[in-house]
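Student: Pasting my_file.pdb here (PDB, C-alpha atoms):
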ATOM      1  CA  MET I  37     123.952 -10.682-164.067
ATOM      2  CA  THR I  38     125.807  -8.762-166.721
ATOM      3  CA  ALA I  39     126.910  -5.166-166.370
ATOM      4  CA  ALA I  40     124.152  -4.080-168.736
ATOM      5  CA  GLU I  41     121.522  -5.776-166.553
ATOM      6  CA  LYS I  42     122.630  -4.109-163.304
ATOM      7  CA  PRO I  43     120.398  -1.242-162.146
ATOM      8  CA  LEU I  44     121.973   2.146-162.429
ATOM      9  CA  ASP I  45     122.634   4.015-159.175
ATOM     10  CA  ASN I  46     120.590   7.147-158.690
ATOM     11  CA  PRO I  47     123.150   9.964-159.036
ATOM     12  CA  SER I  48     121.098  12.255-156.797
ATOM     13  CA  ARG I  49     121.201   9.882-153.822
ATOM     14  CA  THR I  50     124.716  10.624-152.632
ATOM     15  CA  PHE I  51     126.097  12.413-149.613
ATOM     16  CA  ARG I  52     128.016  14.667-151.979
ATOM     17  CA  ARG I  53     124.813  15.942-153.582
ATOM     18  CA  ALA I  54     123.151  16.333-150.186
ATOM     19  CA  TRP I  55     126.116  18.306-148.840
ATOM     20  CA  GLN I  56     126.177  20.389-152.005
ATOM     21  CA  ASP I  57     122.530  21.329-151.467
ATOM     22  CA  ILE I  58     123.257  22.409-147.876
ATOM     23  CA  ARG I  59     126.396  24.333-148.828
ATOM     24  CA  GLU I  60     124.752  26.158-151.724
ATOM     25  CA  GLY I  61     121.735  26.928-149.557
ATOM     26  CA  PHE I  62     123.901  28.741-147.008
ATOM     27  CA  GLN I  63     125.670  30.594-149.820
ATOM     28  CA  GLN I  64     122.407  32.013-151.205
ATOM     29  CA  ARG I  65     122.011  34.477-148.333
ATOM     30  CA  ASP I  66     120.362  37.104-150.509
ATOM     31  CA  LEU I  67     117.561  34.729-151.474
ATOM     32  CA  TRP I  68     116.552  33.298-148.096
ATOM     33  CA  GLY I  69     117.251  36.616-146.399
ATOM     34  CA  HIS I  70     114.860  38.407-148.768
ATOM     35  CA  LEU I  71     112.202  35.707-148.487
ATOM     36  CA  GLY I  72     112.329  35.724-144.688
ATOM     37  CA  TRP I  73     112.061  39.506-144.526
ATOM     38  CA  GLN I  74     109.127  39.466-146.935
ATOM     39  CA  ASP I  75     107.367  36.955-144.664
ATOM     40  CA  ILE I  76     107.492  39.466-141.806
ATOM     41  CA  LYS I  77     106.319  42.352-143.988
ATOM     42  CA  GLN I  78     103.471  40.303-145.468
ATOM     43  CA  ARG I  79     102.275  39.093-142.067
ATOM     44  CA  TYR I  80     101.862  42.653-140.752
ATOM     45  CA  ARG I  81     100.805  44.319-143.973
ATOM     46  CA  ARG I  82      98.335  47.203-143.412
ATOM     47  CA  SER I  83      99.006  47.030-139.662
ATOM     48  CA  VAL I  84      99.518  50.363-137.872
ATOM     49  CA  ILE I  85     102.542  49.343-135.784
ATOM     50  CA  GLY I  86     103.576  46.368-137.902
ATOM     51  CA  PRO I  87     106.083  43.902-136.408
ATOM     52  CA  LEU I  88     105.981  45.716-133.062
ATOM     53  CA  TRP I  89     102.917  43.562-132.366
ATOM     54  CA  ILE I  90     105.443  40.764-131.823
ATOM     55  CA  THR I  91     107.119  42.809-129.102
ATOM     56  CA  LEU I  92     103.850  43.872-127.452
ATOM     57  CA  SER I  93     102.538  40.307-127.416
ATOM     58  CA  MET I  94     105.697  39.049-125.732
ATOM     59  CA  ALA I  95     105.685  41.944-123.234
ATOM     60  CA  VAL I  96     102.075  41.318-122.168
ATOM     61  CA  THR I  97     102.645  37.563-121.828
ATOM     62  CA  ALA I  98     105.895  37.913-119.878
ATOM     63  CA  ILE I  99     104.639  40.591-117.492
ATOM     64  CA  GLY I 100     101.310  38.884-116.852
ATOM     65  CA  LEU I 101     102.772  35.450-116.159
ATOM     66  CA  GLY I 102     105.749  36.933-114.346
ATOM     67  CA  LEU I 103     103.526  38.724-111.843
ATOM     68  CA  LEU I 104     101.352  35.643-111.397
ATOM     69  CA  TYR I 105     104.059  33.028-110.917
ATOM     70  CA  SER I 106     106.341  35.255-108.832
ATOM     71  CA  THR I 107     103.421  35.535-106.383
ATOM     72  CA  LEU I 108     102.662  31.805-106.458
ATOM     73  CA  PHE I 109     106.312  30.854-105.949
ATOM     74  CA  GLN I 110     107.000  33.738-103.551
ATOM     75  CA  ALA I 111     109.878  34.834-105.745
ATOM     76  CA  ASN I 112     111.522  38.226-106.099
ATOM     77  CA  ILE I 113     109.928  39.901-109.121
ATOM     78  CA  GLY I 114     113.223  41.640-109.934
ATOM     79  CA  THR I 115     114.974  38.344-110.629
ATOM     80  CA  PHE I 116     112.064  36.043-111.527
ATOM     81  CA  LEU I 117     110.578  38.248-114.259
ATOM     82  CA  PRO I 118     113.843  38.378-116.279
ATOM     83  CA  TYR I 119     114.186  34.599-115.827
ATOM     84  CA  LEU I 120     110.704  33.961-117.181
ATOM     85  CA  THR I 121     110.959  36.570-119.955
ATOM     86  CA  VAL I 122     114.183  35.214-121.426
ATOM     87  CA  GLY I 123     112.855  31.668-121.091
ATOM     88  CA  PHE I 124     109.772  32.598-123.129
ATOM     89  CA  ILE I 125     111.830  34.379-125.790
ATOM     90  CA  VAL I 126     114.141  31.407-126.308
ATOM     91  CA  TRP I 127     111.264  28.916-126.129
ATOM     92  CA  ASN I 128     109.255  30.748-128.801
ATOM     93  CA  PHE I 129     112.241  30.674-131.142
ATOM     94  CA  MET I 130     112.850  26.967-130.628
ATOM     95  CA  LEU I 131     109.138  26.183-130.833
ATOM     96  CA  GLY I 132     108.964  27.975-134.173
ATOM     97  CA  CYS I 133     111.942  26.043-135.510
ATOM     98  CA  VAL I 134     110.238  22.760-134.625
ATOM     99  CA  THR I 135     106.604  23.453-135.522
ATOM    100  CA  GLU I 136     107.137  25.729-138.517
ATOM    101  CA  GLY I 137     110.097  23.618-139.578
ATOM    102  CA  THR I 138     107.829  20.615-140.090
ATOM    103  CA  GLU I 139     105.923  22.601-142.721
ATOM    104  CA  THR I 140     108.926  24.263-144.327
ATOM    105  CA  PHE I 141     108.607  22.472-147.656
ATOM    106  CA  ILE I 142     104.824  22.177-147.573
ATOM    107  CA  ALA I 143     104.457  25.954-147.163
ATOM    108  CA  ASN I 144     106.916  26.575-150.000
ATOM    109  CA  GLU I 145     105.256  24.212-152.473
ATOM    110  CA  GLY I 146     104.913  26.829-155.225
ATOM    111  CA  LEU I 147     108.525  27.971-155.014
ATOM    112  CA  ILE I 148     109.906  24.439-154.838
ATOM    113  CA  LYS I 149     108.117  23.488-158.055
ATOM    114  CA  HIS I 150     109.038  26.619-159.985
ATOM    115  CA  LEU I 151     112.248  28.010-158.443
ATOM    116  CA  PRO I 152     115.488  26.093-159.098
ATOM    117  CA  ALA I 153     116.976  26.595-155.634
ATOM    118  CA  PRO I 154     118.498  24.238-153.033
ATOM    119  CA  LEU I 155     115.988  22.866-150.533
ATOM    120  CA  THR I 156     118.150  24.218-147.717
ATOM    121  CA  VAL I 157     117.111  27.726-148.771
ATOM    122  CA  TYR I 158     113.585  27.107-147.461
ATOM    123  CA  ALA I 159     114.820  25.829-144.100
ATOM    124  CA  LEU I 160     117.045  28.900-143.787
ATOM    125  CA  ARG I 161     114.099  31.092-144.749
ATOM    126  CA  THR I 162     112.142  29.689-141.814
ATOM    127  CA  VAL I 163     114.974  30.105-139.308
ATOM    128  CA  TRP I 164     115.762  33.621-140.554
ATOM    129  CA  ARG I 165     112.115  34.682-140.206
ATOM    130  CA  LEU I 166     112.081  33.356-136.646
ATOM    131  CA  THR I 167     115.364  35.162-135.953
ATOM    132  CA  LEU I 168     113.790  38.466-136.997
ATOM    133  CA  MET I 169     110.839  37.782-134.712
ATOM    134  CA  MET I 170     113.209  36.976-131.859
ATOM    135  CA  ALA I 171     115.052  40.247-132.457
ATOM    136  CA  HIS I 172     111.769  42.084-131.865
ATOM    137  CA  ASN I 173     111.201  40.087-128.671
ATOM    138  CA  LEU I 174     114.654  40.999-127.407
ATOM    139  CA  LEU I 175     113.410  44.581-127.085
ATOM    140  CA  VAL I 176     111.345  43.306-124.154
ATOM    141  CA  TYR I 177     114.476  41.785-122.623
ATOM    142  CA  ALA I 178     116.330  45.082-123.069
ATOM    143  CA  VAL I 179     113.635  46.995-121.168
ATOM    144  CA  ILE I 180     113.512  44.349-118.424
ATOM    145  CA  LEU I 181     117.305  44.469-118.159
ATOM    146  CA  VAL I 182     117.320  48.244-117.705
ATOM    147  CA  ILE I 183     114.608  48.125-115.040
ATOM    148  CA  PHE I 184     116.046  45.225-113.030
ATOM    149  CA  PHE I 185     119.756  45.621-113.738
ATOM    150  CA  GLY I 186     120.466  46.251-110.070
ATOM    151  CA  ASP I 187     118.874  42.956-109.053
ATOM    152  CA  LEU I 188     120.548  40.912-111.789
ATOM    153  CA  SER I 189     124.015  42.386-111.254
ATOM    154  CA  THR I 190     124.055  41.644-107.522
ATOM    155  CA  THR I 191     126.433  38.804-106.706
ATOM    156  CA  GLY I 192     124.631  35.923-105.011
ATOM    157  CA  TYR I 193     121.107  36.934-106.026
ATOM    158  CA  LYS I 194     118.414  34.245-105.929
ATOM    159  CA  ILE I 195     115.574  33.656-108.371
ATOM    160  CA  THR I 196     113.482  32.000-105.654
ATOM    161  CA  GLU I 197     114.016  31.861-101.908
ATOM    162  CA  ALA I 198     114.941  28.178-102.044
ATOM    163  CA  GLY I 199     117.221  28.609-105.033
ATOM    164  CA  PRO I 200     121.011  28.783-105.100
ATOM    165  CA  GLY I 201     122.881  32.067-105.279
ATOM    166  CA  GLN I 202     123.751  33.250-108.798
ATOM    167  CA  PRO I 203     126.963  35.030-109.834
ATOM    168  CA  GLY I 204     125.120  37.959-111.427
ATOM    169  CA  LEU I 205     125.636  39.671-114.758
ATOM    170  CA  ASP I 206     129.269  39.888-115.859
ATOM    171  CA  TRP I 207     131.438  39.430-118.937
ATOM    172  CA  THR I 208     129.944  35.966-119.580
ATOM    173  CA  ILE I 209     126.967  37.700-121.185
ATOM    174  CA  VAL I 210     128.976  37.559-124.435
ATOM    175  CA  LEU I 211     128.411  33.792-124.459
ATOM    176  CA  ALA I 212     124.837  34.559-125.510
ATOM    177  CA  VAL I 213     126.119  35.236-129.050
ATOM    178  CA  PRO I 214     127.622  31.778-129.760
ATOM    179  CA  ALA I 215     124.733  30.212-127.830
ATOM    180  CA  PHE I 216     122.167  31.757-130.163
ATOM    181  CA  PHE I 217     124.096  30.771-133.296
ATOM    182  CA  LEU I 218     124.306  27.207-131.997
ATOM    183  CA  ILE I 219     120.548  27.120-131.365
ATOM    184  CA  ALA I 220     119.848  28.606-134.811
ATOM    185  CA  LEU I 221     122.170  26.043-136.418
ATOM    186  CA  ASN I 222     120.127  23.305-134.776
ATOM    187  CA  GLY I 223     116.978  24.999-136.036
ATOM    188  CA  VAL I 224     118.183  24.497-139.614
ATOM    189  CA  TRP I 225     118.723  20.744-139.302
ATOM    190  CA  VAL I 226     115.379  20.401-137.491
ATOM    191  CA  ALA I 227     113.624  22.159-140.383
ATOM    192  CA  LEU I 228     115.423  19.982-142.935
ATOM    193  CA  LEU I 229     114.878  16.653-141.184
ATOM    194  CA  PHE I 230     111.291  17.112-140.013
ATOM    195  CA  GLY I 231     110.447  19.067-143.142
ATOM    196  CA  VAL I 232     111.352  16.072-145.313
ATOM    197  CA  ILE I 233     109.504  13.620-143.049
ATOM    198  CA  SER I 234     106.400  15.818-142.810
ATOM    199  CA  THR I 235     106.261  16.245-146.564
ATOM    200  CA  ARG I 236     105.877  12.494-146.903
ATOM    201  CA  TYR I 237     103.712  11.926-143.810
ATOM    202  CA  ARG I 238     101.322  14.853-143.319
ATOM    203  CA  ASP I 239     100.268  13.758-139.805
ATOM    204  CA  ILE I 240     103.714  14.537-138.405
ATOM    205  CA  PRO I 241     103.088  18.314-137.862
ATOM    206  CA  GLN I 242     100.078  17.539-135.660
ATOM    207  CA  VAL I 243     102.087  14.991-133.677
ATOM    208  CA  ILE I 244     104.968  17.444-133.211
ATOM    209  CA  THR I 245     102.591  20.192-132.066
ATOM    210  CA  ALA I 246     101.043  17.921-129.436
ATOM    211  CA  LEU I 247     104.452  16.819-128.155
ATOM    212  CA  THR I 248     105.826  20.367-127.943
ATOM    213  CA  ASN I 249     102.767  21.483-125.964
ATOM    214  CA  LEU I 250     103.572  18.748-123.460
ATOM    215  CA  ALA I 251     107.272  19.632-123.488
ATOM    216  CA  PHE I 252     106.495  23.231-122.503
ATOM    217  CA  PHE I 253     105.120  22.153-119.127
ATOM    218  CA  GLY I 254     108.083  19.844-118.538
ATOM    219  CA  THR I 255     110.667  22.526-119.295
ATOM    220  CA  PRO I 256     111.871  25.049-116.652
ATOM    221  CA  ILE I 257     110.419  28.205-118.197
ATOM    222  CA  VAL I 258     107.763  29.388-115.740
ATOM    223  CA  TRP I 259     109.255  27.317-112.906
ATOM    224  CA  THR I 260     112.792  26.708-111.657
ATOM    225  CA  THR I 261     114.643  23.458-111.056
ATOM    226  CA  ASP I 262     115.099  24.129-107.342
ATOM    227  CA  LEU I 263     111.313  24.268-106.892
ATOM    228  CA  LEU I 264     110.970  20.823-108.444
ATOM    229  CA  ASN I 265     113.689  19.375-106.225
ATOM    230  CA  LYS I 266     112.111  20.957-103.155
ATOM    231  CA  ILE I 267     108.600  19.633-103.846
ATOM    232  CA  ALA I 268     109.470  16.151-105.107
ATOM    233  CA  SER I 269     110.801  13.526-102.737
ATOM    234  CA  GLY I 270     114.123  12.217-104.002
ATOM    235  CA  GLY I 271     114.725  15.427-105.885
ATOM    236  CA  SER I 272     117.890  14.290-107.639
ATOM    237  CA  SER I 273     116.150  11.385-109.384
ATOM    238  CA  TRP I 274     113.264  13.623-110.450
ATOM    239  CA  ARG I 275     115.707  16.168-111.806
ATOM    240  CA  SER I 276     117.525  13.486-113.745
ATOM    241  CA  ILE I 277     114.335  12.137-115.303
ATOM    242  CA  ILE I 278     112.273  15.273-115.895
ATOM    243  CA  ILE I 279     114.965  17.847-116.564
ATOM    244  CA  GLU I 280     118.246  16.339-117.702
ATOM    245  CA  VAL I 281     116.631  14.188-120.375
ATOM    246  CA  ASN I 282     114.730  17.172-121.708
ATOM    247  CA  PRO I 283     116.814  18.592-124.593
ATOM    248  CA  PHE I 284     114.869  21.867-124.570
ATOM    249  CA  TYR I 285     116.185  22.611-121.078
ATOM    250  CA  HIS I 286     119.804  22.469-122.215
ATOM    251  CA  PHE I 287     119.144  24.658-125.253
ATOM    252  CA  ILE I 288     117.309  27.259-123.189
ATOM    253  CA  GLN I 289     119.923  27.295-120.463
ATOM    254  CA  ILE I 290     122.958  27.971-122.677
ATOM    255  CA  LEU I 291     121.291  31.206-123.806
ATOM    256  CA  ARG I 292     119.303  32.196-120.733
ATOM    257  CA  ALA I 293     122.124  31.755-118.226
ATOM    258  CA  PRO I 294     124.462  34.429-119.680
ATOM    259  CA  LEU I 295     121.615  36.856-120.396
ATOM    260  CA  ILE I 296     120.458  36.986-116.758
ATOM    261  CA  GLY I 297     123.711  36.241-114.937
ATOM    262  CA  ASN I 298     122.983  32.643-113.948
ATOM    263  CA  GLU I 299     125.703  30.170-113.135
ATOM    264  CA  GLN I 300     127.209  28.640-116.283
ATOM    265  CA  SER I 301     127.160  24.858-116.467
ATOM    266  CA  TRP I 302     129.283  23.507-119.279
ATOM    267  CA  HIS I 303     127.467  20.190-119.419
ATOM    268  CA  HIS I 304     124.597  22.057-121.120
ATOM    269  CA  TRP I 305     126.986  23.031-123.911
ATOM    270  CA  ALA I 306     128.224  19.448-124.177
ATOM    271  CA  VAL I 307     124.683  18.096-124.518
ATOM    272  CA  VAL I 308     123.749  20.725-127.113
ATOM    273  CA  GLY I 309     126.966  20.042-129.030
ATOM    274  CA  GLY I 310     126.232  16.309-129.125
ATOM    275  CA  ILE I 311     122.669  16.914-130.313
ATOM    276  CA  THR I 312     123.991  19.254-133.010
ATOM    277  CA  VAL I 313     126.337  16.618-134.427
ATOM    278  CA  VAL I 314     123.763  13.802-134.341
ATOM    279  CA  GLY I 315     121.000  16.035-135.706
ATOM    280  CA  TRP I 316     123.005  17.253-138.674
ATOM    281  CA  PHE I 317     124.057  13.687-139.489
ATOM    282  CA  LEU I 318     120.404  12.590-139.527
ATOM    283  CA  ALA I 319     119.461  15.597-141.650
ATOM    284  CA  LEU I 320     122.252  14.771-144.087
ATOM    285  CA  VAL I 321     121.010  11.187-144.372
ATOM    286  CA  ALA I 322     117.446  12.384-144.957
ATOM    287  CA  MET I 323     118.623  14.822-147.616
ATOM    288  CA  ARG I 324     120.702  12.126-149.280
ATOM    289  CA  ASN I 325     117.836   9.653-149.528
ATOM    290  CA  TYR I 326     114.778  11.834-150.088
ATOM    291  CA  ARG I 327     115.882  15.266-151.303
ATOM    292  CA  ALA I 328     114.955  14.475-154.907
ATOM    293  CA  ARG I 329     111.477  13.247-153.913
ATOM    294  CA  VAL I 330     110.390  16.363-152.018
ATOM    295  CA  PRO I 331     109.182  18.228-155.172
ATOM    296  CA  TYR I 332     106.927  15.262-155.990
ATOM    297  CA  TRP I 333     105.620  14.862-152.421
ATOM    298  CA  VAL I 334     104.596  18.486-152.010
TER     299      VAL I 334
END
Please lay out the structure from this file as C-alpha cells.
Tutor:
Amino acid sequence: MTAAEKPLDNPSRTFRRAWQDIREGFQQRDLWGHLGWQDIKQRYRRSVIGPLWITLSMAVTAIGLGLLYSTLFQANIGTFLPYLTVGFIVWNFMLGCVTEGTETFIANEGLIKHLPAPLTVYALRTVWRLTLMMAHNLLVYAVILVIFFGDLSTTGYKITEAGPGQPGLDWTIVLAVPAFFLIALNGVWVALLFGVISTRYRDIPQVITALTNLAFFGTPIVWTTDLLNKIASGGSSWRSIIIEVNPFYHFIQILRAPLIGNEQSWHHWAVVGGITVVGWFLALVAMRNYRARVPYWV
C-alpha cells in the first residue's frame, strides 16, 4: 500500500485534542458559571421564595426521616439527625452528578449545535448548578449544627447506642473543603463519560436511574454501619461486601465525617483518590474517541 492509499488519521481523535477541550472548558468559567446560574433562576421563575424551595424541601425530608429513623434505631436525635441530614445533602449532590450527568449533552442539544464551545463546558454547567443547589441545602446543615452543636462537640459521642465513640467536632472540619472539591471533580468526569455514552445509547439514563435507586438503600445514609454489623451474623464479611465495595459510601464519608465530627478514616480518601484517577482516564479516552461525534448524536 502506497502512502497515498493509506487512510488519513482523524486529527480530532487524539488525547491532545481531548485534553485541550477539558482545559479550555475549565478556563471558560464565565460561560458555564452564567449558564448554571441561569438554570437555577429559570427553574424557580415566578416563584415567591425562589431557590429557597430547595432548602425547605431538604429540611422537611431530613427532619421527617430523622425523627422516624432515630426512633426505629433508638438513636439520640441530637447526633443522628445531623448524620442523616449531611448524608442526604451529599447524596443529593452525587445523585445529581450521576443522573443529570447522563443527560448533560442531550439537554444541551441546541447549544452544542450552535455554540462553538468545548463539550466540557456543559459538564461543568451541570456540576455548577448542582453546587448552587447544595449551597442552599447547606443552610439546613447550618441550622442543625447550631441546634445540636453541644451534642456534636462532645468527645466520645455516639450516633447509635451500639456505635463507637466519635471524636466530636474539631479543627478537622476544614477537611470538608478539599473533600467537596474532590467530589465535584469526580462529578465532572462522570458527566463527561456517561454523557458521551448516553448520547449514543439513550437507554443508559434509565439504567443509571434504576441502579442509583438501588444504591441508595445499600449506602449508609439513613442507617449506620454499626447497625449492619450488629444485625448481620459475620458482620465483618457483610461490611466488606455491602459497604466497602460501595463507592458512594467512601465519597459520602470523606465529606460527612468532618462536618459532624466523626472519626476520620484515610482509606476513604485513598479509595476516592483511586476512583478519581481511573475515572478521569476513562473520561479522557471517551473524549478522545467520541468527542467529535457528540454533535451528530444529539
Student: Can you list, as a PyMOL selection string, every protein, DNA or RNA residue that comes within 10 Å of I:Asn112 when you count all atoms listed in the file, leaving out same-chain residues fewer than 2 positions away?
Tutor: chain I and resi 103+106-107+109-110+114-117+187+193-197
Student: May I ask which of the residues I:Val224, I:Ala198, I:Gly102, I:Arg165 is the closest one to I:Lys77, counting all atoms listed in the file?
Tutor: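 Nearest candidate to I:Lys77 out of I:Val224, I:Ala198, I:Gly102, I:Arg165: I:Arg165.
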Student: Find the residues with any atom within 6 Å of (104.7, 17.3, -149.7); use only C-alpha atoms and the coordinates as given in the file, and write the answer as a list of chain:residue names.
Tutor: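 Result, sorted by chain then residue number: I:Ile142, I:Thr235, I:Arg236, I:Trp333, I:Val334.
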Student: Rounded to one decimal place, report the atom CA of I:Trp302-atom CA of I:Ile257 distance in Å.
Tutor: 19.5 Å
Student: Near I:Phe141, within 9 Å and counting only C-alpha atoms, which residues show up once chain neighbours fewer than 4 positions away are dropped, as a compact mmCIF listing (two decimals) with C-alpha atoms, in the frame of the given file?
Tutor:
# COMPACT_ATOMS: atom_id res chain seq x y z
CA GLY I 137 110.10 23.62 -139.58
CA GLU I 145 105.26 24.21 -152.47
CA ILE I 148 109.91 24.44 -154.84
CA LEU I 155 115.99 22.87 -150.53
CA TYR I 158 113.58 27.11 -147.46
CA ALA I 159 114.82 25.83 -144.10
CA ALA I 227 113.62 22.16 -140.38
CA LEU I 228 115.42 19.98 -142.94
CA GLY I 231 110.45 19.07 -143.14
CA VAL I 232 111.35 16.07 -145.31
CA SER I 234 106.40 15.82 -142.81
CA THR I 235 106.26 16.24 -146.56
CA VAL I 330 110.39 16.36 -152.02
CA PRO I 331 109.18 18.23 -155.17
CA VAL I 334 104.60 18.49 -152.01
Student: Please provide as a list in words all residues within 12 Å of I:Arg49, with the sequence filter that same-chain residues fewer than 2 positions apart are discarded (counting only C-alpha atoms).
Tutor: Leu44, Asp45, Asn46, Pro47, Phe51, Arg52, Arg53, Ala54, Trp55, Gln56, Asp57, Leu320, Val321, Ala322, Met323, Arg324, Asn325, Tyr326, Arg327, Ala328 and Arg329 of chain I
